[in-house]
>>> print(open('structure_35.cif').read())   # mmCIF, C-alpha atoms and all ligand atoms
data_structure
loop_
_atom_site.label_atom_id
_atom_site.label_comp_id
_atom_site.auth_asym_id
_atom_site.auth_seq_id
_atom_site.Cartn_x
_atom_site.Cartn_y
_atom_site.Cartn_z
CA MET A 863 -17.40 -0.89 31.35
CA LYS A 864 -17.60 -4.24 33.06
CA THR A 865 -15.73 -7.31 31.82
CA HIS A 866 -18.89 -8.98 30.52
CA GLU A 867 -19.73 -5.92 28.39
CA LEU A 868 -16.18 -5.33 27.12
CA PHE A 869 -15.60 -8.93 26.06
CA ASP A 870 -19.15 -9.94 25.12
CA ILE A 871 -19.29 -12.16 22.01
CA GLN A 872 -22.64 -13.81 22.75
CA ASP A 873 -24.42 -14.85 19.50
CA GLN A 874 -21.67 -13.42 17.29
CA VAL A 875 -21.26 -15.49 14.13
CA VAL A 876 -17.67 -16.63 13.82
CA ALA A 877 -15.87 -18.51 11.03
CA ILE A 878 -12.37 -19.90 11.51
CA THR A 879 -10.18 -21.39 8.78
CA GLY A 880 -7.74 -24.13 9.80
CA ALA A 881 -9.95 -24.71 12.85
CA ALA A 882 -9.60 -28.45 13.30
CA SER A 883 -6.24 -28.30 15.06
CA GLY A 884 -3.83 -26.19 17.06
CA ILE A 885 -4.32 -22.42 17.18
CA GLY A 886 -7.54 -22.40 15.14
CA LEU A 887 -9.12 -24.95 17.48
CA ALA A 888 -8.11 -22.83 20.48
CA TYR A 889 -9.77 -19.78 18.86
CA ALA A 890 -12.87 -21.91 18.23
CA GLU A 891 -12.95 -23.06 21.84
CA VAL A 892 -12.70 -19.58 23.37
CA MET A 893 -15.33 -18.24 20.97
CA ALA A 894 -17.70 -21.18 21.58
CA VAL A 895 -17.50 -21.32 25.38
CA ASN A 896 -18.22 -17.58 25.48
CA GLY A 897 -21.48 -17.95 23.55
CA ALA A 898 -20.54 -17.32 19.91
CA LYS A 899 -21.95 -19.33 17.00
CA VAL A 900 -18.82 -20.98 15.67
CA ASN A 901 -18.15 -22.38 12.19
CA LEU A 902 -15.02 -24.46 11.74
CA ILE A 903 -13.51 -24.59 8.24
CA ASP A 904 -10.80 -27.15 7.52
CA VAL A 905 -9.47 -29.43 4.79
CA ASP A 906 -8.91 -32.40 7.14
CA GLU A 907 -12.29 -34.14 7.31
CA LYS A 908 -11.49 -36.50 10.19
CA ALA A 909 -9.92 -33.82 12.38
CA LEU A 910 -12.82 -31.47 11.55
CA LEU A 911 -15.40 -33.99 12.69
CA GLU A 912 -13.48 -34.68 15.91
CA ALA A 913 -13.15 -30.95 16.63
CA VAL A 914 -16.87 -30.35 16.08
CA LEU A 915 -17.78 -33.26 18.39
CA TRP A 916 -15.30 -32.08 21.05
CA LEU A 917 -16.85 -28.59 21.05
CA GLN A 918 -20.41 -29.93 20.97
CA GLU A 919 -19.63 -31.91 24.13
CA LYS A 920 -18.88 -28.56 25.78
CA GLY A 921 -22.38 -27.39 24.81
CA ALA A 922 -21.13 -25.21 21.94
CA ASN A 923 -23.18 -23.95 18.99
CA VAL A 924 -20.76 -25.25 16.37
CA HIS A 925 -20.74 -26.46 12.75
CA GLY A 926 -18.02 -27.81 10.49
CA GLU A 927 -17.39 -26.91 6.84
CA LEU A 928 -15.01 -29.01 4.76
CA ALA A 929 -13.01 -26.68 2.49
CA ASP A 930 -9.55 -26.02 1.15
CA VAL A 931 -8.47 -22.39 1.57
CA THR A 932 -6.36 -22.70 -1.59
CA GLU A 933 -9.45 -23.46 -3.69
CA SER A 934 -11.92 -20.64 -4.28
CA SER A 935 -14.87 -22.90 -5.06
CA THR A 936 -14.79 -24.93 -1.84
CA LEU A 937 -14.08 -21.88 0.32
CA GLN A 938 -16.90 -19.92 -1.31
CA LYS A 939 -19.25 -22.86 -0.71
CA ALA A 940 -18.28 -23.00 2.97
CA PHE A 941 -18.98 -19.28 3.50
CA ASN A 942 -22.25 -19.52 1.52
CA SER A 943 -23.37 -22.29 3.81
CA ILE A 944 -22.43 -20.24 6.93
CA MET A 945 -24.34 -17.21 5.60
CA GLU A 946 -27.39 -19.35 4.81
CA ARG A 947 -27.27 -20.88 8.27
CA HIS A 948 -26.88 -17.66 10.29
CA GLY A 949 -27.79 -14.79 7.95
CA LYS A 950 -24.74 -12.77 9.00
CA LEU A 951 -21.00 -13.05 9.58
CA ASP A 952 -19.41 -10.98 12.35
CA ILE A 953 -15.92 -12.36 12.89
CA VAL A 954 -13.57 -14.29 10.62
CA PHE A 955 -10.30 -15.82 11.74
CA ALA A 956 -8.12 -16.32 8.64
CA ASN A 957 -5.86 -18.79 10.36
CA ALA A 958 -5.06 -21.77 8.10
CA GLY A 959 -1.37 -22.05 7.39
CA ILE A 960 1.44 -24.51 6.84
CA SER A 961 5.17 -24.73 7.52
CA GLY A 962 7.75 -24.26 4.77
CA GLY A 963 10.21 -26.86 6.06
CA PRO A 964 13.44 -26.32 7.98
CA GLY A 965 15.43 -23.13 8.48
CA PHE A 966 19.06 -22.60 7.42
CA LEU A 967 20.29 -23.55 10.92
CA LYS A 968 19.75 -26.70 12.97
CA GLY A 969 18.84 -26.48 16.66
CA ASN A 970 22.51 -27.07 17.57
CA GLY A 971 23.62 -24.03 15.54
CA GLU A 972 25.09 -25.97 12.57
CA ARG A 973 24.06 -24.95 9.04
CA ASN A 974 21.21 -26.97 7.59
CA PRO A 975 21.69 -27.32 3.82
CA ALA A 976 18.01 -28.28 3.34
CA GLY A 977 16.98 -24.79 4.47
CA GLU A 978 19.63 -22.80 2.56
CA VAL A 979 18.41 -20.51 -0.20
CA GLU A 980 19.99 -22.41 -3.11
CA ASN A 981 18.22 -25.62 -2.08
CA LEU A 982 14.71 -24.26 -1.57
CA SER A 983 11.92 -25.82 -3.60
CA LEU A 984 9.83 -23.53 -5.77
CA ASP A 985 6.96 -26.01 -5.38
CA VAL A 986 7.10 -25.53 -1.60
CA TRP A 987 7.25 -21.73 -2.14
CA GLU A 988 4.08 -21.90 -4.28
CA LYS A 989 2.25 -24.14 -1.81
CA VAL A 990 3.18 -22.04 1.23
CA PHE A 991 2.19 -18.81 -0.50
CA ALA A 992 -1.10 -20.34 -1.70
CA THR A 993 -1.96 -21.53 1.82
CA ASN A 994 -0.55 -18.74 4.00
CA VAL A 995 -0.95 -15.64 1.78
CA THR A 996 -3.30 -16.01 -1.20
CA SER A 997 -5.87 -17.74 1.02
CA ILE A 998 -6.20 -14.52 3.04
CA LEU A 999 -6.90 -12.46 -0.08
CA ARG A 1000 -9.40 -15.13 -1.18
CA THR A 1001 -11.09 -15.08 2.25
CA LEU A 1002 -11.29 -11.26 2.24
CA GLN A 1003 -12.75 -11.28 -1.27
CA ILE A 1004 -15.51 -13.60 -0.08
CA VAL A 1005 -16.30 -11.99 3.29
CA ALA A 1006 -15.74 -8.25 2.68
CA PRO A 1007 -18.90 -7.80 0.56
CA HIS A 1008 -21.04 -9.36 3.35
CA MET A 1009 -19.35 -7.25 6.02
CA LYS A 1010 -19.73 -4.07 3.95
CA ARG A 1011 -23.47 -4.74 3.61
CA GLN A 1012 -23.79 -5.38 7.35
CA GLY A 1013 -21.82 -2.25 8.20
CA HIS A 1014 -19.39 -4.09 10.45
CA GLY A 1015 -16.98 -7.00 10.62
CA ARG A 1016 -13.76 -8.25 12.08
CA VAL A 1017 -11.04 -10.17 10.32
CA ILE A 1018 -8.37 -11.65 12.56
CA VAL A 1019 -5.40 -13.18 10.80
CA THR A 1020 -2.81 -15.47 12.34
CA SER A 1021 0.51 -14.02 11.21
CA SER A 1022 3.68 -14.81 13.16
CA ILE A 1023 6.68 -13.10 14.73
CA SER A 1024 8.28 -14.16 11.43
CA ALA A 1025 6.28 -11.25 9.96
CA SER A 1026 8.73 -8.82 11.56
CA MET A 1027 12.03 -10.67 11.92
CA PRO A 1028 14.21 -13.00 9.86
CA GLU A 1029 14.29 -16.62 10.99
CA SER A 1030 17.11 -19.17 11.24
CA LEU A 1031 15.36 -22.25 12.69
CA VAL A 1032 12.22 -21.77 10.59
CA SER A 1033 12.04 -21.79 6.78
CA SER A 1034 12.76 -18.49 5.06
CA ILE A 1035 9.82 -19.25 2.76
CA TYR A 1036 7.51 -19.35 5.77
CA ALA A 1037 9.01 -16.15 7.23
CA ILE A 1038 8.60 -14.29 3.95
CA SER A 1039 5.02 -15.52 3.59
CA LYS A 1040 4.20 -14.18 7.05
CA GLY A 1041 5.98 -10.89 6.28
CA THR A 1042 3.53 -10.51 3.40
CA VAL A 1043 0.64 -11.41 5.69
CA GLY A 1044 1.73 -8.68 8.12
CA HIS A 1045 1.56 -6.10 5.36
CA MET A 1046 -1.80 -7.41 4.14
CA VAL A 1047 -3.19 -6.72 7.62
CA ARG A 1048 -2.05 -3.07 7.49
CA GLN A 1049 -3.12 -2.59 3.86
CA TYR A 1050 -6.61 -4.08 4.15
CA ALA A 1051 -7.25 -2.53 7.58
CA PHE A 1052 -6.53 0.82 5.92
CA GLU A 1053 -8.83 0.16 2.96
CA LEU A 1054 -11.73 -1.41 4.89
CA ALA A 1055 -11.83 0.99 7.88
CA LYS A 1056 -14.41 3.15 6.06
CA TYR A 1057 -16.82 0.20 6.26
CA ASN A 1058 -16.22 -0.44 9.97
CA ILE A 1059 -14.36 -3.65 9.13
CA LEU A 1060 -11.42 -4.13 11.50
CA VAL A 1061 -8.45 -6.18 10.30
CA ASN A 1062 -5.88 -7.30 12.86
CA ALA A 1063 -3.48 -10.16 13.47
CA ILE A 1064 -2.29 -12.34 16.26
CA ALA A 1065 1.45 -12.82 15.75
CA PRO A 1066 2.59 -15.82 17.76
CA GLY A 1067 6.10 -17.00 18.39
CA PRO A 1068 6.49 -20.79 18.47
CA VAL A 1069 3.37 -22.58 19.74
CA VAL A 1070 2.98 -26.31 20.41
CA THR A 1071 0.61 -27.52 17.65
CA ASN A 1072 0.60 -30.04 14.78
CA ILE A 1073 2.36 -27.67 12.35
CA GLY A 1074 5.54 -28.96 10.71
CA GLY A 1075 4.70 -32.54 11.72
CA GLY A 1076 4.11 -31.45 15.34
CA ARG A 1077 7.84 -31.09 15.97
CA LEU A 1078 7.37 -28.67 18.90
CA LYS A 1079 5.69 -31.45 20.86
CA PHE A 1080 9.18 -32.89 21.33
CA GLU A 1081 11.38 -31.43 24.07
CA GLU A 1082 14.49 -31.69 21.89
CA SER A 1083 12.91 -29.50 19.16
CA ARG A 1084 11.41 -27.03 21.66
CA LYS A 1085 14.70 -26.47 23.49
CA PRO A 1086 16.40 -23.93 21.16
CA PHE A 1087 13.16 -21.92 20.98
CA GLU A 1088 12.68 -22.01 24.75
CA GLU A 1089 16.28 -21.00 25.39
CA SER A 1090 15.97 -17.94 23.13
CA ALA A 1091 12.74 -16.66 24.75
CA PRO A 1092 13.23 -14.37 27.75
CA LEU A 1093 10.33 -16.09 29.55
CA GLY A 1094 12.16 -19.38 29.00
CA LYS A 1095 9.19 -21.21 27.51
CA ILE A 1096 7.08 -21.34 24.39
CA ALA A 1097 3.34 -20.86 24.10
CA ARG A 1098 0.54 -23.37 24.39
CA THR A 1099 -2.49 -22.69 22.21
CA SER A 1100 -4.49 -21.52 25.26
CA ASP A 1101 -2.01 -18.63 25.63
CA LEU A 1102 -3.55 -17.11 22.47
CA GLN A 1103 -7.16 -17.22 23.60
CA GLY A 1104 -7.11 -13.91 25.50
CA ALA A 1105 -5.93 -11.97 22.44
CA ALA A 1106 -8.52 -13.73 20.28
CA LEU A 1107 -11.31 -12.69 22.63
CA PHE A 1108 -9.96 -9.13 22.81
CA LEU A 1109 -9.81 -8.75 19.01
CA ALA A 1110 -13.26 -10.28 18.56
CA SER A 1111 -15.01 -8.10 21.12
CA ALA A 1112 -15.97 -4.50 21.88
CA ALA A 1113 -12.79 -4.19 23.98
CA SER A 1114 -10.85 -3.62 20.72
CA SER A 1115 -13.33 -1.41 18.83
CA MET A 1116 -10.65 1.22 18.06
CA VAL A 1117 -7.94 -1.30 17.14
CA THR A 1118 -7.23 -1.98 13.48
CA GLY A 1119 -4.16 -2.72 11.38
CA THR A 1120 -2.20 -4.07 14.31
CA GLN A 1121 -0.52 -7.34 15.23
CA ILE A 1122 -0.53 -8.62 18.79
CA VAL A 1123 2.76 -10.39 19.44
CA ILE A 1124 2.55 -13.40 21.77
CA ASP A 1125 6.05 -14.79 22.02
CA GLY A 1126 7.32 -14.85 25.60
CA GLY A 1127 9.59 -11.91 24.68
CA ARG A 1128 11.40 -13.78 21.88
CA THR A 1129 11.43 -10.77 19.55
CA LEU A 1130 13.18 -8.72 22.26
CA GLY A 1131 16.26 -10.94 21.94
CA LYS A 1132 18.00 -13.42 24.20
CA ALA A 1133 18.02 -12.18 27.81
CA ASN A 1134 20.13 -14.86 29.52
N1 LIG B 1201 2.50 -23.25 15.78
C1 LIG B 1201 3.30 -22.22 15.64
O1 LIG B 1201 4.45 -22.24 16.13
C2 LIG B 1201 2.86 -20.99 14.90
C3 LIG B 1201 3.54 -19.79 15.13
C4 LIG B 1201 3.13 -18.66 14.44
C5 LIG B 1201 2.07 -18.73 13.56
N2 LIG B 1201 1.43 -19.91 13.36
C6 LIG B 1201 0.32 -19.92 12.41
O2 LIG B 1201 -0.84 -20.39 13.04
C7 LIG B 1201 -1.74 -20.89 12.06
C8 LIG B 1201 -2.30 -22.22 12.53
O3 LIG B 1201 -1.23 -23.16 12.60
P1 LIG B 1201 -1.09 -24.24 13.77
O4 LIG B 1201 0.25 -24.06 14.36
O5 LIG B 1201 -2.27 -24.24 14.63
O6 LIG B 1201 -1.00 -25.58 12.87
P2 LIG B 1201 -1.83 -26.93 12.86
O7 LIG B 1201 -1.17 -27.74 11.81
O8 LIG B 1201 -1.96 -27.49 14.23
O9 LIG B 1201 -3.29 -26.48 12.37
C9 LIG B 1201 -3.47 -25.98 11.07
C10 LIG B 1201 -4.85 -26.41 10.57
O10 LIG B 1201 -5.02 -25.82 9.26
C11 LIG B 1201 -5.56 -26.80 8.40
N3 LIG B 1201 -5.18 -26.50 7.01
C12 LIG B 1201 -3.95 -26.58 6.46
N4 LIG B 1201 -4.01 -26.31 5.14
C13 LIG B 1201 -5.31 -26.02 4.86
C14 LIG B 1201 -6.01 -25.69 3.69
N5 LIG B 1201 -5.38 -25.61 2.52
N6 LIG B 1201 -7.34 -25.46 3.78
C15 LIG B 1201 -8.00 -25.57 4.96
N7 LIG B 1201 -7.38 -25.91 6.11
C16 LIG B 1201 -6.05 -26.14 6.07
C17 LIG B 1201 -4.99 -28.12 8.88
O11 LIG B 1201 -5.77 -29.23 8.44
C18 LIG B 1201 -5.00 -27.91 10.40
O12 LIG B 1201 -6.23 -28.36 10.95
C19 LIG B 1201 -0.94 -20.96 10.76
O13 LIG B 1201 -1.25 -19.84 9.95
C20 LIG B 1201 0.49 -20.87 11.24
O14 LIG B 1201 1.36 -20.36 10.26
C21 LIG B 1201 1.80 -21.04 14.01
#
>>> encode(input="structure_35.cif", output="structure tokens")
Amino acid sequence: MKTHELFDIQDQVVAITGAASGIGLAYAEVMAVNGAKVNLIDVDEKALLEAVLWLQEKGANVHGELADVTESSTLQKAFNSIMERHGKLDIVFANAGISGGPGFLKGNGERNPAGEVENLSLDVWEKVFATNVTSILRTLQIVAPHMKRQGHGRVIVTSSISASMPESLVSSIYAISKGTVGHMVRQYAFELAKYNILVNAIAPGPVVTNIGGGRLKFEESRKPFEESAPLGKIARTSDLQGAALFLASAASSMVTGTQIVIDGGRTLGKAN
């Protein structure tokens, strides 16, 4: 098959949660510039409007839906509106997520009391699980019935390398939430395969975005992550666009229940 057949997403209806910034916006961009009909879902109204305008300037077929993934009613309303607009739903990126605060080590290797187990906040635990984990169940509960009726669908979750390794510089709450997400991908891929619904994840290492107050935009904060990645650098959001296109297109028709790690080799260990 030729590239344009393998990776064709023309006129596919795509919904992306957490699409107004960072990784979700990069997914939206690659979907939109390759001809998909893209629906951005986000809780940040101002950023959502800016993202929609930015994509429209590129000639994209794009709409914004204001919704909080931790609230069933607003999320249901957003998907209802997408279904009314397009009459189908082919691809859903369940991407919205938040940080859980600092890890138990600082970048210089010293212990960080704020991230140690005895000091963790149960309120933060609840909020991170609501946003990173329960939101995915909620999204699946809304979209699976549509996809079953259609006889096809793709759900692409943003997990993390934290799904398969413990973290020191990143909150344990976040790592545990993503570990759960990793298992949700396997579990629901297994259950939904009968209906031709593919469930996969993109599992990034650190990526420069606005998460955690945008700390990775600062060289000082990036340094320990860059030094522990064999490629010696961390990802930009555009580094995730190839995997997004692969998982959304015919190129991955036999792929389900998997996580594509994009981490510059970080999970292999320190090479230098
Ligand atoms: N940046 C990284 O280093 C990294 C690494 C691995 C995985 N991830 C994951 O990638 C995903 C996207 O994060 P990002 O780094 O692009 O962060 P980001 O902060 O740049 O973007 C996240 C977007 O999600 C939205 N959002 C947050 N809570 C929401 C809610 N309750 N309802 C609707 N929208 C909500 C925000 O408004 C924002 O637009 C998250 O699941 C995150 O855990 C990020």
>>> residues_near_ligand(input="structure_35.cif", ligand="ligand LIG 1201 (chain B)", cutoff="7 Å", atoms="all atoms listed in the file", output="count of residues only")
38
>>> atom_distance(input="structure_35.cif", atom1="CA of Asn942 in chain A", atom2="CA of Val924 in chain A")
16.0 Å
>>> atom_distance(input="structure_35.cif", atom1="CA of Lys939 in chain A", atom2="CA of Leu910 in chain A")
16.3 Å
>>> residues_around(input="structure_35.cif", residues="Leu1054 in chain A", least_positions_apart="6", cutoff="12 Å", atoms="only C-alpha atoms", output="list in words")
Leu1002, Gln1003, Val1005, Ala1006, Pro1007, Met1009, Lys1010, Gly1013, His1014, Gly1015, Arg1016, Val1017, Met1046, Val1047, Arg1048, Leu1060, Val1061, Asn1062, Thr1118 and Gly1119 of chain A
>>> closest_residue(input="structure_35.cif", among="A:Ile1064, A:Ile1004, A:Ala1113, A:Ala940", to="Gly926 in chain A", atoms="only C-alpha atoms")
A:Ala940
>>> atom_distance(input="structure_35.cif", atom1="CA of Ser1100 in chain A", atom2="CA of Ala1051 in chain A")
26.1 Å
>>> residues_around(input="structure_35.cif", residues="Gln1103 in chain A", least_positions_apart="6", cutoff="8 Å", atoms="only C-alpha atoms", output="NGL selection string")
:A and (888-889 or 892)
>>> closest_residue(input="structure_35.cif", among="A:Leu984, A:Leu1107, A:Val1019, A:Ile998", to="Thr865 in chain A", atoms="all atoms listed in the file")
A:Leu1107
>>> residues_near_point(input="structure_35.cif", point="(-13.0, -5.5, 23.6)", cutoff="9 Å", atoms="all atoms listed in the file", output="PDB file with C-alpha atoms, keeping the file's coordinate frame")
ATOM      1  CA  THR A 865     -15.730  -7.310  31.820  1.00  0.00           C
ATOM      2  CA  GLU A 867     -19.730  -5.920  28.390  1.00  0.00           C
ATOM      3  CA  LEU A 868     -16.180  -5.330  27.120  1.00  0.00           C
ATOM      4  CA  PHE A 869     -15.600  -8.930  26.060  1.00  0.00           C
ATOM      5  CA  ASP A 870     -19.150  -9.940  25.120  1.00  0.00           C
ATOM      6  CA  LEU A1107     -11.310 -12.690  22.630  1.00  0.00           C
ATOM      7  CA  PHE A1108      -9.960  -9.130  22.810  1.00  0.00           C
ATOM      8  CA  LEU A1109      -9.810  -8.750  19.010  1.00  0.00           C
ATOM      9  CA  ALA A1110     -13.260 -10.280  18.560  1.00  0.00           C
ATOM     10  CA  SER A1111     -15.010  -8.100  21.120  1.00  0.00           C
ATOM     11  CA  ALA A1112     -15.970  -4.500  21.880  1.00  0.00           C
ATOM     12  CA  ALA A1113     -12.790  -4.190  23.980  1.00  0.00           C
ATOM     13  CA  SER A1114     -10.850  -3.620  20.720  1.00  0.00           C
ATOM     14  CA  SER A1115     -13.330  -1.410  18.830  1.00  0.00           C
TER      15      SER A1115
END
>>> closest_residue(input="structure_35.cif", among="A:Gly963, A:Asp1101, A:Val876, A:Gly1131", to="Ala1037 in chain A", atoms="only C-alpha atoms")
A:Gly963
>>> axis_aligned_box(input="structure_35.cif", around="range 1102-1112 of chain A", padding_each_side="6 Å", output="AutoDock Vina command-line options")
--center_x -9.8 --center_y -10.9 --center_z 22.0 --size_x 24.4 --size_y 24.7 --size_z 18.9
>>> decode(input="structure_35.cif", residues="range 942-952 of chain A", atoms="all heavy atoms", output="PDB file, in the first residue's frame")
ATOM      1  N   ASN A 942     -22.554  14.518  22.564  1.00  0.00           N
ATOM      2  CA  ASN A 942     -23.850  14.611  21.875  1.00  0.00           C
ATOM      3  C   ASN A 942     -23.763  15.625  20.744  1.00  0.00           C
ATOM      4  O   ASN A 942     -24.232  15.390  19.632  1.00  0.00           O
ATOM      5  CB  ASN A 942     -24.955  15.064  22.840  1.00  0.00           C
ATOM      6  CG  ASN A 942     -25.352  13.963  23.809  1.00  0.00           C
ATOM      7  OD1 ASN A 942     -24.944  12.817  23.650  1.00  0.00           O
ATOM      8  ND2 ASN A 942     -26.142  14.308  24.822  1.00  0.00           N
ATOM      9  N   SER A 943     -23.151  16.753  21.058  1.00  0.00           N
ATOM     10  CA  SER A 943     -23.059  17.823  20.074  1.00  0.00           C
ATOM     11  C   SER A 943     -22.187  17.372  18.885  1.00  0.00           C
ATOM     12  O   SER A 943     -22.509  17.664  17.723  1.00  0.00           O
ATOM     13  CB  SER A 943     -22.514  19.051  20.801  1.00  0.00           C
ATOM     14  OG  SER A 943     -21.827  19.877  19.979  1.00  0.00           O
ATOM     15  N   ILE A 944     -21.118  16.625  19.153  1.00  0.00           N
ATOM     16  CA  ILE A 944     -20.246  16.128  18.059  1.00  0.00           C
ATOM     17  C   ILE A 944     -21.030  15.134  17.190  1.00  0.00           C
ATOM     18  O   ILE A 944     -20.985  15.192  15.955  1.00  0.00           O
ATOM     19  CB  ILE A 944     -18.969  15.478  18.648  1.00  0.00           C
ATOM     20  CG1 ILE A 944     -18.116  16.546  19.342  1.00  0.00           C
ATOM     21  CG2 ILE A 944     -18.171  14.754  17.565  1.00  0.00           C
ATOM     22  CD1 ILE A 944     -17.007  15.997  20.233  1.00  0.00           C
ATOM     23  N   MET A 945     -21.798  14.251  17.832  1.00  0.00           N
ATOM     24  CA  MET A 945     -22.580  13.261  17.085  1.00  0.00           C
ATOM     25  C   MET A 945     -23.662  13.942  16.235  1.00  0.00           C
ATOM     26  O   MET A 945     -23.917  13.553  15.105  1.00  0.00           O
ATOM     27  CB  MET A 945     -23.227  12.246  18.043  1.00  0.00           C
ATOM     28  CG  MET A 945     -22.276  11.237  18.644  1.00  0.00           C
ATOM     29  SD  MET A 945     -21.431  10.217  17.408  1.00  0.00           S
ATOM     30  CE  MET A 945     -22.804   9.329  16.686  1.00  0.00           C
ATOM     31  N   GLU A 946     -24.291  14.967  16.812  1.00  0.00           N
ATOM     32  CA  GLU A 946     -25.317  15.698  16.044  1.00  0.00           C
ATOM     33  C   GLU A 946     -24.690  16.395  14.830  1.00  0.00           C
ATOM     34  O   GLU A 946     -25.256  16.425  13.749  1.00  0.00           O
ATOM     35  CB  GLU A 946     -25.985  16.757  16.920  1.00  0.00           C
ATOM     36  CG  GLU A 946     -27.149  16.198  17.717  1.00  0.00           C
ATOM     37  CD  GLU A 946     -27.549  17.140  18.841  1.00  0.00           C
ATOM     38  OE1 GLU A 946     -27.400  18.369  18.699  1.00  0.00           O
ATOM     39  OE2 GLU A 946     -28.002  16.627  19.887  1.00  0.00           O
ATOM     40  N   ARG A 947     -23.498  16.928  15.058  1.00  0.00           N
ATOM     41  CA  ARG A 947     -22.828  17.685  13.989  1.00  0.00           C
ATOM     42  C   ARG A 947     -22.402  16.770  12.837  1.00  0.00           C
ATOM     43  O   ARG A 947     -22.561  17.112  11.669  1.00  0.00           O
ATOM     44  CB  ARG A 947     -21.601  18.396  14.578  1.00  0.00           C
ATOM     45  CG  ARG A 947     -20.830  19.246  13.589  1.00  0.00           C
ATOM     46  CD  ARG A 947     -19.649  19.954  14.245  1.00  0.00           C
ATOM     47  NE  ARG A 947     -20.072  20.776  15.347  1.00  0.00           N
ATOM     48  CZ  ARG A 947     -19.592  20.681  16.590  1.00  0.00           C
ATOM     49  NH1 ARG A 947     -18.667  19.786  16.886  1.00  0.00           N
ATOM     50  NH2 ARG A 947     -20.041  21.464  17.547  1.00  0.00           N
ATOM     51  N   HIS A 948     -21.837  15.599  13.167  1.00  0.00           N
ATOM     52  CA  HIS A 948     -21.193  14.772  12.136  1.00  0.00           C
ATOM     53  C   HIS A 948     -21.914  13.446  11.865  1.00  0.00           C
ATOM     54  O   HIS A 948     -21.612  12.787  10.875  1.00  0.00           O
ATOM     55  CB  HIS A 948     -19.748  14.456  12.545  1.00  0.00           C
ATOM     56  CG  HIS A 948     -18.887  15.666  12.758  1.00  0.00           C
ATOM     57  ND1 HIS A 948     -18.425  16.447  11.728  1.00  0.00           N
ATOM     58  CD2 HIS A 948     -18.403  16.241  13.896  1.00  0.00           C
ATOM     59  CE1 HIS A 948     -17.688  17.446  12.206  1.00  0.00           C
ATOM     60  NE2 HIS A 948     -17.663  17.344  13.533  1.00  0.00           N
ATOM     61  N   GLY A 949     -22.771  13.017  12.795  1.00  0.00           N
ATOM     62  CA  GLY A 949     -23.496  11.765  12.587  1.00  0.00           C
ATOM     63  C   GLY A 949     -22.681  10.503  12.802  1.00  0.00           C
ATOM     64  O   GLY A 949     -23.174   9.391  12.615  1.00  0.00           O
ATOM     65  N   LYS A 950     -21.423  10.636  13.177  1.00  0.00           N
ATOM     66  CA  LYS A 950     -20.576   9.477  13.467  1.00  0.00           C
ATOM     67  C   LYS A 950     -19.380   9.928  14.304  1.00  0.00           C
ATOM     68  O   LYS A 950     -19.157  11.137  14.469  1.00  0.00           O
ATOM     69  CB  LYS A 950     -20.102   8.799  12.187  1.00  0.00           C
ATOM     70  CG  LYS A 950     -19.211   9.665  11.317  1.00  0.00           C
ATOM     71  CD  LYS A 950     -18.569   8.862  10.193  1.00  0.00           C
ATOM     72  CE  LYS A 950     -17.514   9.710   9.473  1.00  0.00           C
ATOM     73  NZ  LYS A 950     -16.512   9.001   8.777  1.00  0.00           N
ATOM     74  N   LEU A 951     -18.640   8.966  14.809  1.00  0.00           N
ATOM     75  CA  LEU A 951     -17.461   9.269  15.621  1.00  0.00           C
ATOM     76  C   LEU A 951     -16.444   8.155  15.396  1.00  0.00           C
ATOM     77  O   LEU A 951     -16.632   7.030  15.855  1.00  0.00           O
ATOM     78  CB  LEU A 951     -17.863   9.346  17.107  1.00  0.00           C
ATOM     79  CG  LEU A 951     -16.784   9.711  18.102  1.00  0.00           C
ATOM     80  CD1 LEU A 951     -16.164  11.069  17.784  1.00  0.00           C
ATOM     81  CD2 LEU A 951     -17.372   9.740  19.520  1.00  0.00           C
ATOM     82  N   ASP A 952     -15.376   8.455  14.663  1.00  0.00           N
ATOM     83  CA  ASP A 952     -14.427   7.406  14.278  1.00  0.00           C
ATOM     84  C   ASP A 952     -13.277   7.237  15.271  1.00  0.00           C
ATOM     85  O   ASP A 952     -12.865   6.113  15.555  1.00  0.00           O
ATOM     86  CB  ASP A 952     -13.838   7.732  12.892  1.00  0.00           C
ATOM     87  CG  ASP A 952     -14.919   7.857  11.827  1.00  0.00           C
ATOM     88  OD1 ASP A 952     -15.655   6.879  11.630  1.00  0.00           O
ATOM     89  OD2 ASP A 952     -15.037   8.938  11.211  1.00  0.00           O
TER      90      ASP A 952
END
